[in-house]
$ cat model-v6.pdb   # PDB, C-alpha atoms
ATOM      1  CA  MET A   1     -81.692  26.599 191.747
ATOM      2  CA  LYS A   2     -78.755  27.786 189.719
ATOM      3  CA  ASN A   3     -79.957  30.357 187.163
ATOM      4  CA  SER A   4     -77.829  29.185 184.259
ATOM      5  CA  LYS A   5     -78.903  26.969 181.405
ATOM      6  CA  ASN A   6     -75.901  24.627 181.453
ATOM      7  CA  SER A   7     -74.556  25.043 184.991
ATOM      8  CA  ILE A   8     -74.925  22.651 187.933
ATOM      9  CA  GLY A   9     -75.970  23.660 191.441
ATOM     10  CA  LYS A  10     -73.672  23.548 194.486
ATOM     11  CA  SER A  11     -75.458  20.569 196.032
ATOM     12  CA  GLN A  12     -74.753  18.634 192.862
ATOM     13  CA  ILE A  13     -71.041  19.424 193.031
ATOM     14  CA  LEU A  14     -70.864  18.270 196.641
ATOM     15  CA  PHE A  15     -73.004  15.187 196.348
ATOM     16  CA  ASN A  16     -72.460  14.349 192.667
ATOM     17  CA  ARG A  17     -76.219  14.155 192.341
ATOM     18  CA  VAL A  18     -78.899  15.773 190.200
ATOM     19  CA  LYS A  19     -82.466  15.788 191.510
ATOM     20  CA  ILE A  20     -85.184  15.506 188.871
ATOM     21  CA  ILE A  21     -88.594  16.215 190.379
ATOM     22  CA  THR A  22     -91.881  15.181 188.787
ATOM     23  CA  HIS A  23     -95.354  14.505 190.136
ATOM     24  CA  SER A  24     -96.359  11.388 192.051
ATOM     25  CA  GLY A  25     -99.279   9.102 191.239
ATOM     26  CA  SER A  26    -100.103   7.841 187.770
ATOM     27  CA  PHE A  27     -97.966   9.080 184.904
ATOM     28  CA  HIS A  28     -98.259   9.725 181.202
ATOM     29  CA  ALA A  29     -96.116   9.821 178.099
ATOM     30  CA  ASP A  30     -95.307  13.523 178.511
ATOM     31  CA  ASP A  31     -93.650  13.341 181.952
ATOM     32  CA  VAL A  32     -91.981  10.010 181.135
ATOM     33  CA  PHE A  33     -90.426  11.275 177.899
ATOM     34  CA  ALA A  34     -89.551  14.621 179.454
ATOM     35  CA  VAL A  35     -87.596  12.912 182.255
ATOM     36  CA  ALA A  36     -85.974  10.588 179.688
ATOM     37  CA  THR A  37     -84.862  13.617 177.659
ATOM     38  CA  VAL A  38     -83.324  15.320 180.697
ATOM     39  CA  LYS A  39     -81.514  12.100 181.632
ATOM     40  CA  LEU A  40     -80.091  11.815 178.118
ATOM     41  CA  TRP A  41     -78.952  15.427 178.303
ATOM     42  CA  LEU A  42     -77.280  14.903 181.681
ATOM     43  CA  GLU A  43     -75.605  11.699 180.536
ATOM     44  CA  LYS A  44     -74.216  13.515 177.518
ATOM     45  CA  ASN A  45     -73.164  16.746 179.225
ATOM     46  CA  GLY A  46     -72.511  15.833 182.872
ATOM     47  CA  SER A  47     -68.798  15.200 182.356
ATOM     48  CA  LYS A  48     -68.457  18.644 180.759
ATOM     49  CA  SER A  49     -69.652  20.313 183.957
ATOM     50  CA  PHE A  50     -68.059  20.004 187.397
ATOM     51  CA  PHE A  51     -67.752  16.232 187.728
ATOM     52  CA  ASN A  52     -66.999  13.122 185.742
ATOM     53  CA  LYS A  53     -69.959  11.035 186.872
ATOM     54  CA  THR A  54     -73.539  12.113 187.442
ATOM     55  CA  HIS A  55     -75.872  10.295 189.788
ATOM     56  CA  ILE A  56     -79.413  11.127 188.786
ATOM     57  CA  GLU A  57     -82.120  10.898 191.421
ATOM     58  CA  ILE A  58     -85.769  10.934 190.321
ATOM     59  CA  ILE A  59     -88.205  12.067 193.004
ATOM     60  CA  ARG A  60     -91.948  11.826 192.382
ATOM     61  CA  THR A  61     -93.912  14.127 194.680
ATOM     62  CA  ARG A  62     -96.462  16.917 194.871
ATOM     63  CA  LYS A  63     -95.097  18.452 198.079
ATOM     64  CA  PRO A  64     -94.038  22.082 197.443
ATOM     65  CA  GLU A  65     -91.143  21.966 199.910
ATOM     66  CA  ILE A  66     -89.600  18.999 198.073
ATOM     67  CA  ILE A  67     -90.320  20.421 194.626
ATOM     68  CA  ALA A  68     -88.446  23.577 195.662
ATOM     69  CA  GLN A  69     -85.286  21.491 196.184
ATOM     70  CA  GLY A  70     -85.288  20.083 192.666
ATOM     71  CA  ASP A  71     -82.559  20.823 190.157
ATOM     72  CA  VAL A  72     -84.949  20.071 187.285
ATOM     73  CA  VAL A  73     -88.724  20.154 187.825
ATOM     74  CA  ILE A  74     -91.004  18.464 185.289
ATOM     75  CA  ASP A  75     -94.802  18.461 184.869
ATOM     76  CA  VAL A  76     -95.397  19.885 188.342
ATOM     77  CA  GLY A  77     -94.767  23.171 190.126
ATOM     78  CA  GLY A  78     -97.222  25.383 188.265
ATOM     79  CA  GLU A  79     -94.569  27.336 186.371
ATOM     80  CA  TYR A  80     -92.546  27.322 183.187
ATOM     81  CA  ASP A  81     -89.101  28.861 183.468
ATOM     82  CA  SER A  82     -86.331  27.255 181.400
ATOM     83  CA  VAL A  83     -83.644  29.238 183.234
ATOM     84  CA  LYS A  84     -84.762  27.802 186.567
ATOM     85  CA  LYS A  85     -85.294  24.443 184.843
ATOM     86  CA  ILE A  86     -88.983  24.274 185.708
ATOM     87  CA  PHE A  87     -91.056  22.693 182.929
ATOM     88  CA  ASP A  88     -94.742  22.636 183.808
ATOM     89  CA  HIS A  89     -97.739  23.417 181.594
ATOM     90  CA  HIS A  90    -100.680  23.028 183.980
ATOM     91  CA  GLN A  91    -100.740  26.658 185.133
ATOM     92  CA  LYS A  92    -103.485  29.035 184.038
ATOM     93  CA  GLY A  93    -102.901  29.960 180.389
ATOM     94  CA  GLY A  94    -100.588  26.987 179.795
ATOM     95  CA  ALA A  95     -97.003  27.361 178.618
ATOM     96  CA  GLY A  96     -97.408  28.434 175.015
ATOM     97  CA  GLU A  97     -97.963  26.608 171.752
ATOM     98  CA  HIS A  98     -96.005  24.972 168.962
ATOM     99  CA  PHE A  99     -95.882  26.678 165.546
ATOM    100  CA  ASN A 100     -99.031  24.797 164.492
ATOM    101  CA  GLY A 101    -101.098  25.669 167.548
ATOM    102  CA  ILE A 102    -100.650  22.439 169.524
ATOM    103  CA  PRO A 103    -100.124  23.433 173.190
ATOM    104  CA  TYR A 104     -96.870  22.440 174.848
ATOM    105  CA  SER A 105     -96.818  19.666 177.392
ATOM    106  CA  SER A 106     -93.849  19.157 179.698
ATOM    107  CA  PHE A 107     -92.195  16.974 177.044
ATOM    108  CA  GLY A 108     -92.419  19.664 174.390
ATOM    109  CA  LEU A 109     -90.990  22.268 176.760
ATOM    110  CA  VAL A 110     -88.061  20.042 177.707
ATOM    111  CA  TRP A 111     -87.466  19.031 174.095
ATOM    112  CA  LYS A 112     -87.371  22.690 173.026
ATOM    113  CA  GLU A 113     -84.631  23.240 175.579
ATOM    114  CA  TYR A 114     -82.488  20.119 175.145
ATOM    115  CA  GLY A 115     -83.567  18.346 171.958
ATOM    116  CA  GLU A 116     -80.962  19.847 169.656
ATOM    117  CA  ASN A 117     -78.194  19.126 172.146
ATOM    118  CA  ILE A 118     -78.956  15.440 172.616
ATOM    119  CA  CYS A 119     -79.620  14.920 168.888
ATOM    120  CA  GLY A 120     -76.472  16.706 167.755
ATOM    121  CA  SER A 121     -78.328  18.822 165.188
ATOM    122  CA  GLN A 122     -81.495  20.848 164.845
ATOM    123  CA  ALA A 123     -82.445  18.880 161.727
ATOM    124  CA  VAL A 124     -82.627  15.614 163.699
ATOM    125  CA  ALA A 125     -84.359  17.329 166.635
ATOM    126  CA  ASP A 126     -86.999  18.647 164.220
ATOM    127  CA  ILE A 127     -87.682  15.130 162.891
ATOM    128  CA  LEU A 128     -88.260  13.787 166.411
ATOM    129  CA  ASP A 129     -90.342  16.849 167.214
ATOM    130  CA  LYS A 130     -92.659  15.918 164.351
ATOM    131  CA  ILE A 131     -92.935  12.173 164.936
ATOM    132  CA  ILE A 132     -92.847  11.967 168.771
ATOM    133  CA  VAL A 133     -93.063  15.322 170.539
ATOM    134  CA  LEU A 134     -96.048  16.840 168.743
ATOM    135  CA  PRO A 135     -98.228  13.694 169.035
ATOM    136  CA  ILE A 136     -97.463  13.357 172.751
ATOM    137  CA  ASP A 137     -98.082  17.058 173.398
ATOM    138  CA  ALA A 138    -101.351  16.925 171.445
ATOM    139  CA  ASP A 139    -102.652  13.881 173.301
ATOM    140  CA  ASP A 140    -101.723  15.264 176.704
ATOM    141  CA  ASN A 141    -103.614  18.484 175.945
ATOM    142  CA  GLY A 142    -106.699  16.814 174.485
ATOM    143  CA  VAL A 143    -106.041  17.747 170.857
ATOM    144  CA  ASP A 144    -107.411  15.319 168.247
ATOM    145  CA  LEU A 145    -104.948  14.381 165.505
ATOM    146  CA  TYR A 146    -107.119  12.061 163.433
ATOM    147  CA  LYS A 147    -110.663  11.003 162.676
ATOM    148  CA  LEU A 148    -111.673   7.419 163.292
ATOM    149  CA  VAL A 149    -112.793   5.444 160.251
ATOM    150  CA  TYR A 150    -114.149   2.688 162.486
ATOM    151  CA  PRO A 151    -115.704   4.092 165.703
ATOM    152  CA  ASP A 152    -114.576   1.154 167.842
ATOM    153  CA  VAL A 153    -111.017   0.921 166.463
ATOM    154  CA  ARG A 154    -108.248   3.380 167.284
ATOM    155  CA  PRO A 155    -104.472   3.366 166.811
ATOM    156  CA  TYR A 156    -102.392   1.825 169.577
ATOM    157  CA  SER A 157    -100.211   4.777 170.500
ATOM    158  CA  ILE A 158     -97.126   5.577 172.556
ATOM    159  CA  HIS A 159     -99.543   6.721 175.264
ATOM    160  CA  ASN A 160    -101.026   3.237 175.434
ATOM    161  CA  LEU A 161     -97.549   1.745 175.775
ATOM    162  CA  ILE A 162     -96.646   4.060 178.638
ATOM    163  CA  ASP A 163     -99.992   3.581 180.355
ATOM    164  CA  ILE A 164     -99.435  -0.154 180.852
ATOM    165  CA  TYR A 165     -96.657   0.760 183.306
ATOM    166  CA  ASN A 166     -99.297   2.355 185.548
ATOM    167  CA  PHE A 167    -100.388  -1.145 186.595
ATOM    168  CA  VAL A 168     -98.270  -2.998 189.131
ATOM    169  CA  PHE A 169     -97.996  -6.733 188.533
ATOM    170  CA  LYS A 170     -96.306  -8.019 191.669
ATOM    171  CA  GLU A 171     -95.921 -11.498 190.266
ATOM    172  CA  LYS A 172     -93.443  -9.984 187.816
ATOM    173  CA  GLY A 173     -91.347  -8.447 190.541
ATOM    174  CA  GLU A 174     -92.743  -4.926 190.198
ATOM    175  CA  LYS A 175     -92.768  -2.996 193.481
ATOM    176  CA  ASN A 176     -94.797   0.175 193.000
ATOM    177  CA  LEU A 177     -95.571   2.965 190.556
ATOM    178  CA  ASP A 178     -92.240   4.694 191.195
ATOM    179  CA  ASP A 179     -90.454   1.494 190.213
ATOM    180  CA  ASN A 180     -92.583   1.234 187.089
ATOM    181  CA  PHE A 181     -91.998   4.900 186.279
ATOM    182  CA  SER A 182     -88.259   4.216 186.159
ATOM    183  CA  LYS A 183     -88.870   1.295 183.808
ATOM    184  CA  ALA A 184     -91.018   3.492 181.572
ATOM    185  CA  VAL A 185     -88.292   6.155 181.508
ATOM    186  CA  ASP A 186     -85.715   3.539 180.481
ATOM    187  CA  PHE A 187     -88.043   2.459 177.684
ATOM    188  CA  ALA A 188     -88.493   6.080 176.566
ATOM    189  CA  LYS A 189     -84.730   6.663 176.569
ATOM    190  CA  ASP A 190     -84.247   3.672 174.302
ATOM    191  CA  VAL A 191     -86.984   4.919 171.957
ATOM    192  CA  LEU A 192     -85.373   8.357 171.740
ATOM    193  CA  ARG A 193     -81.879   6.934 171.156
ATOM    194  CA  ARG A 194     -83.134   4.688 168.372
ATOM    195  CA  GLU A 195     -85.213   7.419 166.741
ATOM    196  CA  ILE A 196     -82.197   9.740 166.780
ATOM    197  CA  LYS A 197     -80.100   7.117 164.987
ATOM    198  CA  LEU A 198     -82.904   6.357 162.525
ATOM    199  CA  SER A 199     -83.366  10.070 161.815
ATOM    200  CA  LEU A 200     -79.676  10.454 160.954
ATOM    201  CA  ILE A 201     -80.056   7.557 158.520
ATOM    202  CA  GLU A 202     -83.290   9.039 157.161
ATOM    203  CA  ILE A 203     -81.607  12.360 156.365
ATOM    204  CA  GLU A 204     -78.927  10.608 154.303
ATOM    205  CA  GLU A 205     -81.496   8.355 152.621
ATOM    206  CA  LYS A 206     -83.575  11.326 151.529
ATOM    207  CA  LYS A 207     -80.512  13.005 150.029
ATOM    208  CA  TYR A 208     -79.829   9.847 148.029
ATOM    209  CA  VAL A 209     -83.441   9.520 146.819
ATOM    210  CA  GLU A 210     -83.426  13.175 145.781
ATOM    211  CA  GLN A 211     -80.210  12.709 143.806
ATOM    212  CA  ILE A 212     -81.533   9.636 142.002
ATOM    213  CA  TYR A 213     -84.817  11.351 141.225
ATOM    214  CA  GLN A 214     -83.072  14.356 139.697
ATOM    215  CA  LYS A 215     -80.827  12.108 137.563
ATOM    216  CA  SER A 216     -83.574   9.724 136.383
ATOM    217  CA  GLU A 217     -84.336   9.833 132.660
ATOM    218  CA  ASP A 218     -87.865   8.571 133.267
ATOM    219  CA  GLN A 219     -89.022  10.054 136.559
ATOM    220  CA  ARG A 220     -92.117   7.859 136.618
ATOM    221  CA  ILE A 221     -89.962   4.904 137.712
ATOM    222  CA  ILE A 222     -87.292   5.657 140.320
ATOM    223  CA  ILE A 223     -84.624   2.950 140.498
ATOM    224  CA  LEU A 224     -82.629   2.795 143.733
ATOM    225  CA  ASP A 225     -79.587   0.559 144.170
ATOM    226  CA  LYS A 226     -79.594   0.967 147.961
ATOM    227  CA  ASN A 227     -82.003  -0.551 150.472
ATOM    228  CA  ILE A 228     -83.793   2.688 151.362
ATOM    229  CA  SER A 229     -86.712   2.676 153.804
ATOM    230  CA  ASP A 230     -90.202   3.056 152.374
ATOM    231  CA  GLU A 231     -90.731   6.060 154.658
ATOM    232  CA  SER A 232     -87.754   7.971 153.247
ATOM    233  CA  CYS A 233     -88.886   7.237 149.687
ATOM    234  CA  GLU A 234     -92.423   8.415 150.373
ATOM    235  CA  ASP A 235     -91.317  11.582 152.163
ATOM    236  CA  MET A 236     -89.219  12.637 149.178
ATOM    237  CA  LEU A 237     -91.252  11.448 146.201
ATOM    238  CA  VAL A 238     -94.719  12.630 147.239
ATOM    239  CA  LYS A 239     -93.392  16.166 146.730
ATOM    240  CA  TYR A 240     -93.135  15.548 142.982
ATOM    241  CA  GLU A 241     -95.971  14.816 140.576
ATOM    242  CA  GLY A 242     -94.134  12.390 138.276
ATOM    243  CA  PRO A 243     -93.081   9.282 140.248
ATOM    244  CA  LEU A 244     -95.407   6.274 140.080
ATOM    245  CA  PHE A 245     -93.191   3.364 141.128
ATOM    246  CA  VAL A 246     -89.974   2.778 143.082
ATOM    247  CA  VAL A 247     -87.666  -0.155 142.310
ATOM    248  CA  LYS A 248     -85.285  -1.095 145.126
ATOM    249  CA  PRO A 249     -83.749  -4.010 147.039
ATOM    250  CA  ASP A 250     -86.273  -5.948 149.122
ATOM    251  CA  GLY A 251     -85.052  -5.518 152.675
ATOM    252  CA  GLY A 252     -82.422  -8.008 153.845
ATOM    253  CA  SER A 253     -83.171 -10.541 151.105
ATOM    254  CA  LYS A 254     -81.490 -10.840 147.714
ATOM    255  CA  ASN A 255     -84.762 -10.042 145.977
ATOM    256  CA  TRP A 256     -85.951  -6.761 144.467
ATOM    257  CA  LYS A 257     -89.340  -5.102 144.757
ATOM    258  CA  VAL A 258     -91.540  -2.521 143.095
ATOM    259  CA  LYS A 259     -93.443  -0.186 145.427
ATOM    260  CA  THR A 260     -96.202   2.155 144.345
ATOM    261  CA  VAL A 261     -95.856   5.854 145.192
ATOM    262  CA  LYS A 262     -98.672   7.112 147.409
ATOM    263  CA  LYS A 263    -100.895  10.047 146.538
ATOM    264  CA  LYS A 264     -99.965  11.678 149.816
ATOM    265  CA  ARG A 265     -97.925  10.920 152.932
ATOM    266  CA  PHE A 266     -99.573   8.561 155.446
ATOM    267  CA  SER A 267    -102.102   7.436 152.839
ATOM    268  CA  PHE A 268    -102.635   3.906 151.519
ATOM    269  CA  GLU A 269    -103.953   5.210 148.207
ATOM    270  CA  SER A 270    -101.445   4.860 145.366
ATOM    271  CA  ARG A 271    -101.049   7.151 142.384
ATOM    272  CA  LYS A 272    -101.248   4.081 140.194
ATOM    273  CA  ASP A 273    -102.005   0.581 141.430
ATOM    274  CA  LEU A 274    -100.316  -2.506 140.075
ATOM    275  CA  PRO A 275    -102.534  -4.328 137.530
ATOM    276  CA  LYS A 276    -105.520  -6.025 139.126
ATOM    277  CA  GLU A 277    -104.702  -9.251 137.225
ATOM    278  CA  TRP A 278    -101.512  -9.560 139.307
ATOM    279  CA  ALA A 279    -103.222  -9.232 142.697
ATOM    280  CA  GLY A 280    -102.420 -12.078 145.112
ATOM    281  CA  LYS A 281    -100.550 -14.197 142.567
ATOM    282  CA  ILE A 282     -97.291 -15.964 143.454
ATOM    283  CA  GLY A 283     -94.678 -18.111 141.742
ATOM    284  CA  GLU A 284     -95.489 -19.684 138.382
ATOM    285  CA  GLU A 285     -98.968 -18.210 138.298
ATOM    286  CA  LEU A 286     -97.498 -14.704 138.502
ATOM    287  CA  VAL A 287     -94.818 -15.561 135.933
ATOM    288  CA  GLN A 288     -97.490 -16.619 133.464
ATOM    289  CA  GLU A 289     -99.531 -13.489 134.101
ATOM    290  CA  THR A 290     -96.598 -11.047 133.748
ATOM    291  CA  SER A 291     -94.249 -12.968 131.397
ATOM    292  CA  VAL A 292     -91.432 -11.952 133.754
ATOM    293  CA  PRO A 293     -89.551 -15.227 134.516
ATOM    294  CA  ASP A 294     -88.349 -14.266 138.008
ATOM    295  CA  ALA A 295     -91.545 -12.667 139.340
ATOM    296  CA  LEU A 296     -92.245 -14.009 142.837
ATOM    297  CA  PHE A 297     -95.167 -12.360 144.607
ATOM    298  CA  CYS A 298     -97.717  -9.576 144.213
ATOM    299  CA  HIS A 299     -99.593  -8.233 147.219
ATOM    300  CA  ASN A 300    -103.342  -8.622 147.075
ATOM    301  CA  LYS A 301    -103.730  -4.858 147.620
ATOM    302  CA  ARG A 302    -101.512  -4.168 144.574
ATOM    303  CA  PHE A 303     -98.985  -1.798 146.157
ATOM    304  CA  VAL A 304     -95.911  -4.061 146.050
ATOM    305  CA  ILE A 305     -94.547  -6.814 143.816
ATOM    306  CA  VAL A 306     -91.323  -8.800 144.248
ATOM    307  CA  ALA A 307     -88.886 -10.326 141.746
ATOM    308  CA  LYS A 308     -85.620 -12.205 142.123
ATOM    309  CA  THR A 309     -83.546  -9.660 140.179
ATOM    310  CA  LYS A 310     -83.278  -5.924 139.620
ATOM    311  CA  GLU A 311     -83.910  -6.461 135.917
ATOM    312  CA  GLY A 312     -87.101  -8.387 136.665
ATOM    313  CA  ALA A 313     -88.351  -5.701 139.021
ATOM    314  CA  VAL A 314     -87.655  -2.947 136.482
ATOM    315  CA  GLU A 315     -89.571  -4.883 133.814
ATOM    316  CA  LEU A 316     -92.516  -5.344 136.182
ATOM    317  CA  ALA A 317     -92.527  -1.619 136.905
ATOM    318  CA  ARG A 318     -92.542  -0.829 133.194
ATOM    319  CA  LEU A 319     -95.381  -3.244 132.553
ATOM    320  CA  ALA A 320     -97.379  -1.751 135.426
ATOM    321  CA  MET A 321     -96.801   1.762 134.149
ATOM    322  CA  GLU A 322     -98.103   0.842 130.682
ATOM    323  CA  ALA A 323    -101.110  -1.112 131.962
TER     324      ALA A 323
END
$ encode --input "model-v6.pdb" --output "structure tokens"
Amino acid sequence: MKNSKNSIGKSQILFNRVKIITHSGSFHADDVFAVATVKLWLEKNGSKSFFNKTHIEIIRTRKPEIIAQGDVVIDVGGEYDSVKKIFDHHQKGGAGEHFNGIPYSSFGLVWKEYGENICGSQAVADILDKIIVLPIDADDNGVDLYKLVYPDVRPYSIHNLIDIYNFVFKEKGEKNLDDNFSKAVDFAKDVLRREIKLSLIEIEEKKYVEQIYQKSEDQRIIILDKNISDESCEDMLVKYEGPLFVVKPDGGSKNWKVKTVKKKRFSFESRKDLPKEWAGKIGEELVQETSVPDALFCHNKRFVIVAKTKEGAVELARLAMEA
């Protein structure tokens, strides 16, 4: 193997081919997303190396003599060496931990090496590290991230999505696990691409929410003129004690909505609920209850209410704040 982080081995120059080696048999989210990350990196940087086109060959094996021929080795090999491009975590003692103590899986090791490059910035790489890498690394290393409220109900995770590819349904034209592994990698690449784009948007959205918050005369009601995602609003506003409600456009419709601000991130508990008299009411019934002529709908759980106009939504927020 070539001992340089961004160089390509001689066999690759001659044959225009990069060999990615990972283990055979069933697979998991960590090796799938690790291979997807390396493929994204090669697709982005291959033309900057010794050739214009890169053919990427994925070989799934546990044979040492074949592993030794790999240009990038993932989740197999019993070693972690980023210079040699070997990213395994199964060796005695593991391969280190994230800042919060979660052990690295192969995905985390690969992301540490190439995440910033494929994202274009460390800020975006850090967002994906938090929402995708850490959960996958935790699950692969048997680290619990949550406590079940209902013993027989658990979240359907990215691991569950990847695991369905471990079953071969021949009536759907699937050949074998290697074929399904490639399909899972394609899925993971699409997820990463989309999350990168969403994270770029999220960074700009948070800047906007911060600006509006700082300029607001009454910081209990934050009025946004842009269709900002609920996630970006929550991430920014939970940091401050004052905000109770957010007024903003309602998705792709022409309506406006009022959203409650949560007590903490990833919680369903609001700092202040909408009035209980509004719960579940729609149309004329809601208009009569609120005296706001363009009120449309209030969720039964009292965390969102919709009006036809910005003015109507602002009035509903003010009424809710005073209730």
$ resolve_selection --input "model-v6.pdb" --expression "the PyMOL selection byres ((chain A and resi 204) around 12)" --output "VMD selection string"
chain A and resid 123 to 124 197 to 203 205 to 211 226 228 to 229 232 to 233 236
$ closest_residue --input "model-v6.pdb" --among "A:Gln214, A:Ser105, A:Asn176, A:Thr37" --to "Asn117 (chain A)" --atoms "all atoms listed in the file"
A:Thr37
$ resolve_selection --input "model-v6.pdb" --expression "the PyMOL selection byres ((chain A and resi 137) around 8)" --output "ChimeraX atom specification"
/A:30,102-108,133-136,138-141
$ write_last_selection --input "model-v6.pdb" --atoms "C-alpha atoms" --output "PDB file, in the frame of the given file"
ATOM      1  CA  ASP A  30     -95.307  13.523 178.511  1.00  0.00           C
ATOM      2  CA  ILE A 102    -100.650  22.439 169.524  1.00  0.00           C
ATOM      3  CA  PRO A 103    -100.124  23.433 173.190  1.00  0.00           C
ATOM      4  CA  TYR A 104     -96.870  22.440 174.848  1.00  0.00           C
ATOM      5  CA  SER A 105     -96.818  19.666 177.392  1.00  0.00           C
ATOM      6  CA  SER A 106     -93.849  19.157 179.698  1.00  0.00           C
ATOM      7  CA  PHE A 107     -92.195  16.974 177.044  1.00  0.00           C
ATOM      8  CA  GLY A 108     -92.419  19.664 174.390  1.00  0.00           C
ATOM      9  CA  VAL A 133     -93.063  15.322 170.539  1.00  0.00           C
ATOM     10  CA  LEU A 134     -96.048  16.840 168.743  1.00  0.00           C
ATOM     11  CA  PRO A 135     -98.228  13.694 169.035  1.00  0.00           C
ATOM     12  CA  ILE A 136     -97.463  13.357 172.751  1.00  0.00           C
ATOM     13  CA  ALA A 138    -101.351  16.925 171.445  1.00  0.00           C
ATOM     14  CA  ASP A 139    -102.652  13.881 173.301  1.00  0.00           C
ATOM     15  CA  ASP A 140    -101.723  15.264 176.704  1.00  0.00           C
ATOM     16  CA  ASN A 141    -103.614  18.484 175.945  1.00  0.00           C
TER      17      ASN A 141
END
$ residues_around --input "model-v6.pdb" --residues "Phe303 (chain A)" --least-positions-apart "4" --cutoff "10 Å" --atoms "all atoms listed in the file" --output "list in words"
Phe245, Val258, Lys259, Thr260, Val261, Lys262, Phe268, Glu269, Ser270, Arg271, Lys272, Asp273, Leu274, Pro275, Ala279, Cys298 and His299 of chain A
$ residues_around --input "model-v6.pdb" --residues "region 221-223 of chain A" --least-positions-apart "2" --cutoff "10 Å" --atoms "only C-alpha atoms" --output "PyMOL selection string"
chain A and resi 209+212-219+225-226+233+237+242-249+258-261+310+313-314+317-318+321
$ closest_residue --input "model-v6.pdb" --among "A:Trp41, A:Trp278, A:Phe169, A:Tyr240" --to "Arg265 (chain A)" --atoms "all atoms listed in the file"
A:Tyr240
$ resolve_selection --input "model-v6.pdb" --expression "the PyMOL selection byres ((chain A and resi 168) around 12)" --output "PDB file with C-alpha atoms, in the coordinates of the input"
ATOM      1  CA  SER A  26    -100.103   7.841 187.770  1.00  0.00           C
ATOM      2  CA  ASP A 163     -99.992   3.581 180.355  1.00  0.00           C
ATOM      3  CA  ILE A 164     -99.435  -0.154 180.852  1.00  0.00           C
ATOM      4  CA  TYR A 165     -96.657   0.760 183.306  1.00  0.00           C
ATOM      5  CA  ASN A 166     -99.297   2.355 185.548  1.00  0.00           C
ATOM      6  CA  PHE A 167    -100.388  -1.145 186.595  1.00  0.00           C
ATOM      7  CA  PHE A 169     -97.996  -6.733 188.533  1.00  0.00           C
ATOM      8  CA  LYS A 170     -96.306  -8.019 191.669  1.00  0.00           C
ATOM      9  CA  GLU A 171     -95.921 -11.498 190.266  1.00  0.00           C
ATOM     10  CA  LYS A 172     -93.443  -9.984 187.816  1.00  0.00           C
ATOM     11  CA  GLY A 173     -91.347  -8.447 190.541  1.00  0.00           C
ATOM     12  CA  GLU A 174     -92.743  -4.926 190.198  1.00  0.00           C
ATOM     13  CA  LYS A 175     -92.768  -2.996 193.481  1.00  0.00           C
ATOM     14  CA  ASN A 176     -94.797   0.175 193.000  1.00  0.00           C
ATOM     15  CA  LEU A 177     -95.571   2.965 190.556  1.00  0.00           C
ATOM     16  CA  ASP A 178     -92.240   4.694 191.195  1.00  0.00           C
ATOM     17  CA  ASP A 179     -90.454   1.494 190.213  1.00  0.00           C
ATOM     18  CA  ASN A 180     -92.583   1.234 187.089  1.00  0.00           C
ATOM     19  CA  PHE A 181     -91.998   4.900 186.279  1.00  0.00           C
ATOM     20  CA  LYS A 183     -88.870   1.295 183.808  1.00  0.00           C
TER      21      LYS A 183
END
$ residues_around --input "model-v6.pdb" --residues "Lys63 (chain A)" --least-positions-apart "4" --cutoff "12 Å" --atoms "only C-alpha atoms" --output "PyMOL selection string"
chain A and resi 21-24+59+67-70+76-77
$ atom_distance --input "model-v6.pdb" --atom1 "CA of Glu289 (chain A)" --atom2 "CA of Lys308 (chain A)"
16.1 Å
$ closest_residue --input "model-v6.pdb" --among "A:Ile131, A:Val287, A:Ala307, A:Leu224" --to "Asn255 (chain A)" --atoms "all atoms listed in the file"
A:Ala307
